[in-house]
$ cat final39.txt   # compact mmCIF, C-alpha atoms and all ligand atoms
# COMPACT_ATOMS: atom_id res chain seq x y z
CA MET A 1 117.98 139.85 155.00
CA SER A 2 117.89 137.80 158.16
CA VAL A 3 117.32 134.56 156.32
CA ARG A 4 119.83 131.84 156.97
CA GLU A 5 120.73 128.54 155.43
CA ARG A 6 119.38 125.66 157.46
CA THR A 7 120.13 122.00 157.49
CA PRO A 8 117.46 119.69 156.09
CA GLY A 9 114.78 118.41 158.47
CA THR A 10 113.42 114.89 158.53
CA GLY A 11 109.87 115.43 157.26
CA ASN A 12 108.58 117.03 154.11
CA ALA A 13 106.21 119.80 155.20
CA GLY A 14 106.27 122.94 157.33
CA ILE A 15 108.97 125.31 158.38
CA GLY A 16 112.50 124.02 157.93
CA ARG A 17 111.37 120.83 156.19
CA GLN A 18 112.46 121.70 152.71
CA GLY A 19 116.20 121.22 152.64
CA ARG A 20 118.63 124.08 152.33
CA ARG A 21 116.28 126.85 151.35
CA PRO A 22 116.19 130.01 153.48
CA VAL A 23 113.52 130.31 156.16
CA THR A 24 112.30 133.61 157.57
CA VAL A 25 110.08 133.74 160.63
CA LEU A 26 108.86 137.18 161.67
CA VAL A 27 106.64 137.88 164.66
CA LEU A 28 104.54 141.01 164.36
CA LEU A 29 103.55 142.51 167.72
CA GLY A 30 101.24 145.36 168.63
CA ALA A 31 98.12 146.26 170.57
CA PRO A 32 94.73 145.60 168.95
CA GLY A 33 94.29 148.27 166.27
CA ALA A 34 97.99 149.10 165.91
CA GLY A 35 97.92 148.05 162.23
CA LYS A 36 99.38 144.54 162.40
CA GLY A 37 96.99 143.13 159.80
CA THR A 38 97.71 145.88 157.27
CA GLN A 39 101.47 145.63 157.71
CA ALA A 40 101.47 141.82 157.71
CA LYS A 41 99.94 141.90 154.24
CA VAL A 42 102.72 144.21 153.01
CA LEU A 43 105.40 141.95 154.50
CA GLU A 44 103.72 138.90 152.99
CA GLU A 45 103.80 140.44 149.56
CA LYS A 46 107.31 141.90 149.73
CA LEU A 47 108.96 138.88 151.36
CA GLY A 48 106.94 136.15 149.63
CA ILE A 49 106.04 134.31 152.84
CA PRO A 50 102.46 133.77 154.08
CA HIS A 51 100.76 135.94 156.67
CA LEU A 52 99.32 133.72 159.41
CA ALA A 53 96.82 135.53 161.62
CA SER A 54 95.70 133.77 164.80
CA GLY A 55 92.45 135.77 164.89
CA ASP A 56 91.58 134.63 161.33
CA LEU A 57 92.32 130.99 162.20
CA LEU A 58 90.03 131.20 165.20
CA ARG A 59 87.26 133.03 163.31
CA THR A 60 87.34 130.32 160.62
CA ALA A 61 87.01 127.65 163.34
CA VAL A 62 84.15 129.57 164.98
CA GLY A 63 82.37 129.91 161.62
CA ALA A 64 82.76 126.18 160.93
CA ARG A 65 81.49 125.30 164.45
CA THR A 66 84.42 122.92 165.03
CA PRO A 67 85.10 121.88 168.67
CA VAL A 68 88.01 124.38 168.78
CA GLY A 69 85.74 127.09 167.34
CA ILE A 70 83.00 126.44 169.88
CA GLU A 71 85.52 126.67 172.73
CA ALA A 72 87.28 129.74 171.30
CA ASP A 73 84.01 131.58 170.78
CA ARG A 74 83.32 131.62 174.53
CA PHE A 75 86.50 133.64 175.10
CA MET A 76 86.55 135.74 171.95
CA SER A 77 83.03 137.01 172.47
CA ARG A 78 84.15 138.44 175.84
CA GLY A 79 87.35 139.94 174.44
CA GLN A 80 89.42 137.43 176.42
CA LEU A 81 92.41 135.44 175.26
CA VAL A 82 91.77 131.85 174.19
CA PRO A 83 93.57 129.44 176.60
CA ASP A 84 97.21 128.76 175.71
CA GLY A 85 96.82 124.98 175.23
CA THR A 86 94.20 125.35 172.51
CA MET A 87 95.82 128.35 170.88
CA ILE A 88 99.26 126.75 170.71
CA ARG A 89 97.86 123.58 169.13
CA VAL A 90 95.83 125.47 166.51
CA PHE A 91 98.60 127.86 165.55
CA LEU A 92 101.47 125.36 165.44
CA ASP A 93 99.34 123.03 163.28
CA ARG A 94 98.87 125.88 160.83
CA LEU A 95 102.56 126.75 160.89
CA ALA A 96 103.41 123.14 159.97
CA GLN A 97 101.51 123.36 156.67
CA PRO A 98 103.61 123.18 153.49
CA ASP A 99 102.92 126.77 152.41
CA ALA A 100 104.82 127.97 155.50
CA ALA A 101 107.90 125.87 154.70
CA GLY A 102 109.90 128.96 153.69
CA GLY A 103 108.78 130.93 156.74
CA ALA A 104 105.85 133.11 157.74
CA VAL A 105 104.76 136.45 159.14
CA LEU A 106 103.07 135.68 162.45
CA ASP A 107 100.27 138.07 163.35
CA GLY A 108 98.52 137.73 166.71
CA PHE A 109 100.62 134.78 167.88
CA PRO A 110 102.42 134.53 170.27
CA ARG A 111 100.27 136.66 172.59
CA THR A 112 101.57 135.24 175.89
CA ARG A 113 104.92 134.08 177.18
CA PRO A 114 103.98 130.36 177.21
CA GLN A 115 102.93 130.73 173.55
CA ALA A 116 106.30 132.37 172.74
CA GLU A 117 108.14 129.51 174.46
CA ALA A 118 106.06 126.86 172.66
CA LEU A 119 106.79 128.56 169.33
CA GLU A 120 110.50 128.65 170.03
CA GLU A 121 110.50 124.96 170.93
CA ALA A 122 108.51 123.95 167.84
CA LEU A 123 110.78 125.96 165.55
CA ALA A 124 113.94 124.59 167.20
CA GLN A 125 112.75 121.05 166.41
CA ARG A 126 112.67 122.08 162.78
CA ASP A 127 116.05 123.80 162.90
CA ALA A 128 114.41 127.21 162.61
CA ARG A 129 113.80 130.16 164.92
CA VAL A 130 112.17 133.57 165.11
CA ASP A 131 114.38 135.93 163.12
CA ARG A 132 112.82 139.19 164.30
CA ALA A 133 110.01 140.35 166.53
CA LEU A 134 108.65 143.62 165.18
CA LEU A 135 106.64 145.79 167.56
CA ILE A 136 104.31 148.36 165.99
CA ASP A 137 104.24 150.80 168.86
CA VAL A 138 101.17 153.05 169.19
CA PRO A 139 100.16 154.81 172.44
CA ILE A 140 96.82 153.69 173.90
CA GLU A 141 95.22 157.13 173.52
CA ASP A 142 95.96 157.09 169.78
CA LEU A 143 94.46 153.61 169.47
CA VAL A 144 91.28 154.74 171.21
CA LYS A 145 91.04 157.74 168.85
CA ARG A 146 91.63 155.55 165.79
CA ALA A 147 88.95 153.09 166.81
CA ALA A 148 86.47 155.82 167.77
CA GLY A 149 86.67 157.34 164.27
CA ARG A 150 86.39 154.06 162.38
CA ARG A 151 83.18 153.49 160.40
CA ILE A 152 82.26 150.34 158.47
CA CYS A 153 79.82 150.09 155.60
CA GLN A 154 76.84 148.01 156.63
CA SER A 155 76.54 145.91 153.49
CA ASP A 156 80.13 144.94 152.69
CA GLY A 157 82.45 146.04 155.51
CA HIS A 158 84.35 148.74 153.54
CA VAL A 159 86.37 150.68 156.11
CA TYR A 160 86.47 154.48 156.58
CA HIS A 161 87.82 156.86 159.20
CA LEU A 162 86.14 160.14 160.09
CA VAL A 163 89.50 161.96 160.13
CA ALA A 164 92.04 159.86 158.21
CA ASN A 165 89.83 158.50 155.41
CA PRO A 166 86.37 160.12 155.40
CA PRO A 167 83.68 159.09 152.88
CA ARG A 168 82.80 161.62 150.14
CA VAL A 169 79.25 161.90 151.52
CA ALA A 170 79.04 161.85 155.33
CA GLY A 171 77.56 158.60 156.65
CA LEU A 172 77.47 156.76 153.31
CA CYS A 173 79.84 154.27 151.66
CA ASP A 174 81.62 155.65 148.55
CA ILE A 175 81.53 152.22 146.92
CA ASP A 176 77.98 150.99 147.43
CA GLY A 177 76.12 153.89 149.09
CA SER A 178 75.12 151.83 152.13
CA PRO A 179 75.02 153.43 155.63
CA LEU A 180 78.24 153.57 157.64
CA ILE A 181 78.04 152.21 161.16
CA GLN A 182 80.33 152.04 164.18
CA ARG A 183 81.11 148.46 165.25
CA GLU A 184 80.38 147.64 168.88
CA ASP A 185 84.06 146.59 169.06
CA ASP A 186 85.22 150.14 168.24
CA ARG A 187 83.29 151.97 170.98
CA GLU A 188 85.58 153.74 173.41
CA GLU A 189 84.60 151.70 176.50
CA THR A 190 85.01 148.43 174.57
CA VAL A 191 88.40 149.48 173.21
CA ARG A 192 89.68 150.48 176.66
CA ALA A 193 88.43 147.22 178.20
CA ARG A 194 90.13 145.17 175.48
CA MET A 195 93.41 147.08 175.93
CA THR A 196 93.40 146.55 179.68
CA GLN A 197 92.79 142.82 179.20
CA GLN A 198 95.44 142.28 176.55
CA LEU A 199 98.29 144.76 177.13
CA GLY A 200 99.80 142.97 180.13
CA ALA A 201 100.35 139.82 178.08
CA LEU A 202 101.72 141.85 175.16
CA ARG A 203 104.29 143.46 177.49
CA ASP A 204 105.43 139.98 178.57
CA VAL A 205 105.94 138.88 174.96
CA VAL A 206 107.74 142.13 174.10
CA GLY A 207 110.02 141.58 177.13
CA TYR A 208 110.67 137.99 176.06
CA TYR A 209 111.92 138.96 172.58
CA ASP A 210 113.73 142.03 173.89
CA SER A 211 115.75 139.84 176.27
CA LYS A 212 116.75 137.69 173.28
CA GLY A 213 118.00 140.76 171.41
CA ILE A 214 115.67 140.28 168.45
CA LEU A 215 113.03 142.95 169.15
CA THR A 216 112.68 146.04 166.96
CA ARG A 217 110.25 148.81 167.94
CA VAL A 218 108.72 150.80 165.12
CA ASP A 219 106.76 154.01 165.70
CA GLY A 220 103.27 153.03 164.55
CA ARG A 221 101.99 156.63 164.49
CA ARG A 222 103.71 157.24 161.15
CA SER A 223 102.04 156.68 157.77
CA ILE A 224 101.34 153.13 156.59
CA SER A 225 104.16 153.25 154.02
CA GLU A 226 106.68 154.70 156.50
CA VAL A 227 105.84 151.94 158.97
CA SER A 228 106.17 149.31 156.20
CA ASP A 229 109.59 150.66 155.22
CA ALA A 230 110.79 150.58 158.83
CA LEU A 231 109.52 147.01 159.29
CA LEU A 232 111.13 145.79 156.07
CA ALA A 233 114.43 147.41 157.04
CA ALA A 234 114.31 145.70 160.44
CA ALA A 235 113.40 142.36 158.84
CA ALA A 236 116.48 142.68 156.62
CA ASP A 237 118.76 143.39 159.58
CA PRO A 238 120.55 140.25 160.79
CA ALA A 239 119.46 139.46 164.35
CA LYS A 240 122.07 139.60 167.08
CA ARG A 241 120.60 137.22 169.62
CA ALA A 242 121.42 137.48 173.28
CA VAL A 243 120.43 133.84 173.80
P1 LIG B 301 92.61 139.39 166.65
O1 LIG B 301 91.92 139.25 165.32
O2 LIG B 301 94.09 139.13 166.57
O3 LIG B 301 92.29 140.69 167.35
O4 LIG B 301 92.02 138.24 167.58
C1 LIG B 301 90.67 138.16 167.90
C2 LIG B 301 90.48 137.39 169.20
O5 LIG B 301 90.97 136.06 169.04
C3 LIG B 301 91.25 137.94 170.39
O6 LIG B 301 90.54 138.98 171.03
C4 LIG B 301 91.37 136.70 171.27
O7 LIG B 301 90.14 136.42 171.91
C5 LIG B 301 91.59 135.62 170.25
N1 LIG B 301 93.03 135.41 169.96
C6 LIG B 301 93.70 135.73 168.81
N2 LIG B 301 95.00 135.38 168.91
C7 LIG B 301 95.16 134.84 170.14
C8 LIG B 301 96.27 134.30 170.84
N3 LIG B 301 97.51 134.24 170.30
N4 LIG B 301 96.06 133.83 172.10
C9 LIG B 301 94.85 133.85 172.66
N5 LIG B 301 93.75 134.37 172.06
C10 LIG B 301 93.90 134.84 170.81
$ encode --input "final39.txt" --output "structure tokens"
Amino acid sequence: MSVRERTPGTGNAGIGRQGRRPVTVLVLLGAPGAGKGTQAKVLEEKLGIPHLASGDLLRTAVGARTPVGIEADRFMSRGQLVPDGTMIRVFLDRLAQPDAAGGAVLDGFPRTRPQAEALEEALAQRDARVDRALLIDVPIEDLVKRAAGRRICQSDGHVYHLVANPPRVAGLCDIDGSPLIQREDDREETVRARMTQQLGALRDVVGYYDSKGILTRVDGRRSISEVSDALLAAAADPAKRAV
């Protein structure tokens, strides 16, 4: 396990602020649709540290119509990244909450190099750091195929896949019988546009952690449990940092 003993911080909440208990910070990286959310939940459960998803934080703010939510909505609705200043503030505030004192699985943040640098700085102030960056690697063509086959039940959002997880009766939800629809977000043109917008920034972040010697690439085309096993093994491998 890559957890290390840390010296006590000065405050009483957030990462590194709880005395000499181990802290584990994992960054989960991958293109939209690579399976970060699914795997983050597995890591959360197995490692006992919370899963913090930047997209969820923003969607909550949008739903509550807070000033951050109103600003974020303008970018999210166009599939664009929310500006770094806002995103860094929102995410680091969340990371400073007491439930993340023993560490966290970061999903969707950092998405740009300035975000990665801000995270490093904030953690350093708390005598903590990113232990591992885990890249779930899936080729774009596979992501487009995955999204194109995804169907969501209209009433409650239960998720199916025409090939990987088809419903018993075509077009209808197994659980509540409601019609299955394709989300606008999953249409091929939308998926390709989103990839083009976001992959450049992802490459920067991957390069950033690679240069520090803490990046592990996992083949995301394997089954969910095989990917989980590979991620857990990497998380348990002590990082040899270049910097
Ligand atoms: P996600 O649920 O991770 O796909 O995020 C949904 C949307 O929220 C993204 O398409 C972006 O508009 C925005 N978003 C999430 N995380 C970030 C981030 N770290 N930086 C900038 N924008 C973000």
$ residues_near_ligand --input "final39.txt" --ligand "ligand LIG 301 (chain B)" --cutoff "7 Å" --atoms "all atoms listed in the file" --output "PDB file with C-alpha atoms, in the frame of the given file"
ATOM      1  CA  PRO A  32      94.730 145.600 168.950  1.00  0.00           C
ATOM      2  CA  ALA A  53      96.820 135.530 161.620  1.00  0.00           C
ATOM      3  CA  SER A  54      95.700 133.770 164.800  1.00  0.00           C
ATOM      4  CA  GLY A  55      92.450 135.770 164.890  1.00  0.00           C
ATOM      5  CA  ASP A  56      91.580 134.630 161.330  1.00  0.00           C
ATOM      6  CA  LEU A  58      90.030 131.200 165.200  1.00  0.00           C
ATOM      7  CA  PHE A  75      86.500 133.640 175.100  1.00  0.00           C
ATOM      8  CA  MET A  76      86.550 135.740 171.950  1.00  0.00           C
ATOM      9  CA  GLY A  79      87.350 139.940 174.440  1.00  0.00           C
ATOM     10  CA  GLN A  80      89.420 137.430 176.420  1.00  0.00           C
ATOM     11  CA  LEU A  81      92.410 135.440 175.260  1.00  0.00           C
ATOM     12  CA  VAL A  82      91.770 131.850 174.190  1.00  0.00           C
ATOM     13  CA  PRO A  83      93.570 129.440 176.600  1.00  0.00           C
ATOM     14  CA  ASP A  84      97.210 128.760 175.710  1.00  0.00           C
ATOM     15  CA  MET A  87      95.820 128.350 170.880  1.00  0.00           C
ATOM     16  CA  GLY A 108      98.520 137.730 166.710  1.00  0.00           C
ATOM     17  CA  PHE A 109     100.620 134.780 167.880  1.00  0.00           C
ATOM     18  CA  PRO A 110     102.420 134.530 170.270  1.00  0.00           C
ATOM     19  CA  ARG A 111     100.270 136.660 172.590  1.00  0.00           C
ATOM     20  CA  THR A 112     101.570 135.240 175.890  1.00  0.00           C
TER      21      THR A 112
END
$ atom_distance --input "final39.txt" --atom1 "atom CA of Ala104 of chain A" --atom2 "atom CA of Val25 of chain A"
5.2 Å
$ atom_distance --input "final39.txt" --atom1 "atom CA of Ala234 of chain A" --atom2 "atom CA of Gly37 of chain A"
17.5 Å
$ residues_around --input "final39.txt" --residues "Ile136 of chain A" --least-positions-apart "6" --cutoff "7 Å" --atoms "only C-alpha atoms" --output "count of residues only"
7
$ closest_residue --input "final39.txt" --among "A:Met195, A:Arg59, A:Ile70, A:Leu119" --to "Val138 of chain A" --atoms "only C-alpha atoms"
A:Met195
$ residues_near_point --input "final39.txt" --point "(102.2, 124.7, 166.7)" --cutoff "10 Å" --atoms "all atoms listed in the file" --output "PyMOL selection string"
chain A and resi 86-96+115+118-123
$ residues_around --input "final39.txt" --residues "Arg78 of chain A" --least-positions-apart "3" --cutoff "12 Å" --atoms "all atoms listed in the file" --output "list in words"
Ala72, Asp73, Arg74, Phe75, Leu81, Val82, Asp185, Thr190, Ala193, Arg194, Gln197 and Gln198 of chain A
$ closest_residue --input "final39.txt" --among "A:Ala164, A:Arg192, A:Ile224, A:Val159" --to "Ser178 of chain A" --atoms "only C-alpha atoms"
A:Val159
$ residues_around --input "final39.txt" --residues "Tyr209 of chain A" --least-positions-apart "2" --cutoff "12 Å" --atoms "all atoms listed in the file" --output "ChimeraX atom specification"
/A:26-29,110-113,116-117,120,129-135,202-207,211-217,239-243
$ closest_residue --input "final39.txt" --among "A:Thr24, A:Gly33, A:Val169, A:Ala235" --to "Glu141 of chain A" --atoms "all atoms listed in the file"
A:Gly33
$ closest_residue --input "final39.txt" --among "A:Ala40, A:Pro67, A:Pro167, A:Ala100" --to "Ala128 of chain A" --atoms "all atoms listed in the file"
A:Ala100
$ atom_distance --input "final39.txt" --atom1 "atom CA of Leu57 of chain A" --atom2 "atom CA of Ile152 of chain A"
22.1 Å
$ axis_aligned_box --input "final39.txt" --around "segment 130-147 of chain A" --padding-each-side "8 Å" --output "lines of an AutoDock Vina configuration file"
center_x = 101.7
center_y = 145.7
center_z = 168.5
size_x = 41.4
size_y = 40.2
size_z = 26.8
$ closest_residue --input "final39.txt" --among "A:Cys173, A:Val191, A:Ala201, A:Ala31" --to "Arg151 of chain A" --atoms "only C-alpha atoms"
A:Cys173
$ closest_residue --input "final39.txt" --among "A:Glu45, A:Asp229, A:Glu71, A:Asp156" --to "Ile181 of chain A" --atoms "only C-alpha atoms"
A:Asp156
$ residues_around --input "final39.txt" --residues "Gly149 of chain A" --least-positions-apart "5" --cutoff "7 Å" --atoms "all atoms listed in the file" --output "PDB file with C-alpha atoms, in the frame of the given file"
ATOM      1  CA  HIS A 161      87.820 156.860 159.200  1.00  0.00           C
ATOM      2  CA  LEU A 162      86.140 160.140 160.090  1.00  0.00           C
ATOM      3  CA  VAL A 163      89.500 161.960 160.130  1.00  0.00           C
TER       4      VAL A 163
END
$ build_atoms --input "final39.txt" --residues "segment 51-63 of chain A" --atoms "N, CA and C atoms" --output "PDB file, in the frame of the given file"
ATOM      1  N   HIS A  51     101.181 135.226 155.461  1.00  0.00           N
ATOM      2  CA  HIS A  51     100.760 135.940 156.670  1.00  0.00           C
ATOM      3  C   HIS A  51      99.805 135.019 157.418  1.00  0.00           C
ATOM      4  N   LEU A  52     100.186 134.594 158.616  1.00  0.00           N
ATOM      5  CA  LEU A  52      99.320 133.720 159.410  1.00  0.00           C
ATOM      6  C   LEU A  52      98.758 134.510 160.578  1.00  0.00           C
ATOM      7  N   ALA A  53      97.449 134.728 160.572  1.00  0.00           N
ATOM      8  CA  ALA A  53      96.820 135.530 161.620  1.00  0.00           C
ATOM      9  C   ALA A  53      96.019 134.629 162.554  1.00  0.00           C
ATOM     10  N   SER A  54      96.384 134.654 163.832  1.00  0.00           N
ATOM     11  CA  SER A  54      95.700 133.770 164.800  1.00  0.00           C
ATOM     12  C   SER A  54      94.214 134.093 164.864  1.00  0.00           C
ATOM     13  N   GLY A  55      93.860 135.384 164.806  1.00  0.00           N
ATOM     14  CA  GLY A  55      92.450 135.770 164.890  1.00  0.00           C
ATOM     15  C   GLY A  55      91.661 135.182 163.709  1.00  0.00           C
ATOM     16  N   ASP A  56      92.267 135.183 162.511  1.00  0.00           N
ATOM     17  CA  ASP A  56      91.580 134.630 161.330  1.00  0.00           C
ATOM     18  C   ASP A  56      91.381 133.120 161.485  1.00  0.00           C
ATOM     19  N   LEU A  57      92.435 132.449 162.001  1.00  0.00           N
ATOM     20  CA  LEU A  57      92.320 130.990 162.200  1.00  0.00           C
ATOM     21  C   LEU A  57      91.149 130.676 163.131  1.00  0.00           C
ATOM     22  N   LEU A  58      91.090 131.457 164.216  1.00  0.00           N
ATOM     23  CA  LEU A  58      90.030 131.200 165.200  1.00  0.00           C
ATOM     24  C   LEU A  58      88.656 131.536 164.615  1.00  0.00           C
ATOM     25  N   ARG A  59      88.567 132.653 163.885  1.00  0.00           N
ATOM     26  CA  ARG A  59      87.260 133.030 163.310  1.00  0.00           C
ATOM     27  C   ARG A  59      86.776 131.966 162.310  1.00  0.00           C
ATOM     28  N   THR A  60      87.713 131.387 161.555  1.00  0.00           N
ATOM     29  CA  THR A  60      87.340 130.320 160.620  1.00  0.00           C
ATOM     30  C   THR A  60      86.780 129.120 161.408  1.00  0.00           C
ATOM     31  N   ALA A  61      87.462 128.780 162.514  1.00  0.00           N
ATOM     32  CA  ALA A  61      87.010 127.650 163.340  1.00  0.00           C
ATOM     33  C   ALA A  61      85.644 127.950 163.961  1.00  0.00           C
ATOM     34  N   VAL A  62      85.448 129.187 164.389  1.00  0.00           N
ATOM     35  CA  VAL A  62      84.150 129.570 164.980  1.00  0.00           C
ATOM     36  C   VAL A  62      83.061 129.443 163.924  1.00  0.00           C
ATOM     37  N   GLY A  63      83.351 129.948 162.708  1.00  0.00           N
ATOM     38  CA  GLY A  63      82.370 129.910 161.620  1.00  0.00           C
ATOM     39  C   GLY A  63      82.004 128.487 161.252  1.00  0.00           C
TER      40      GLY A  63
END
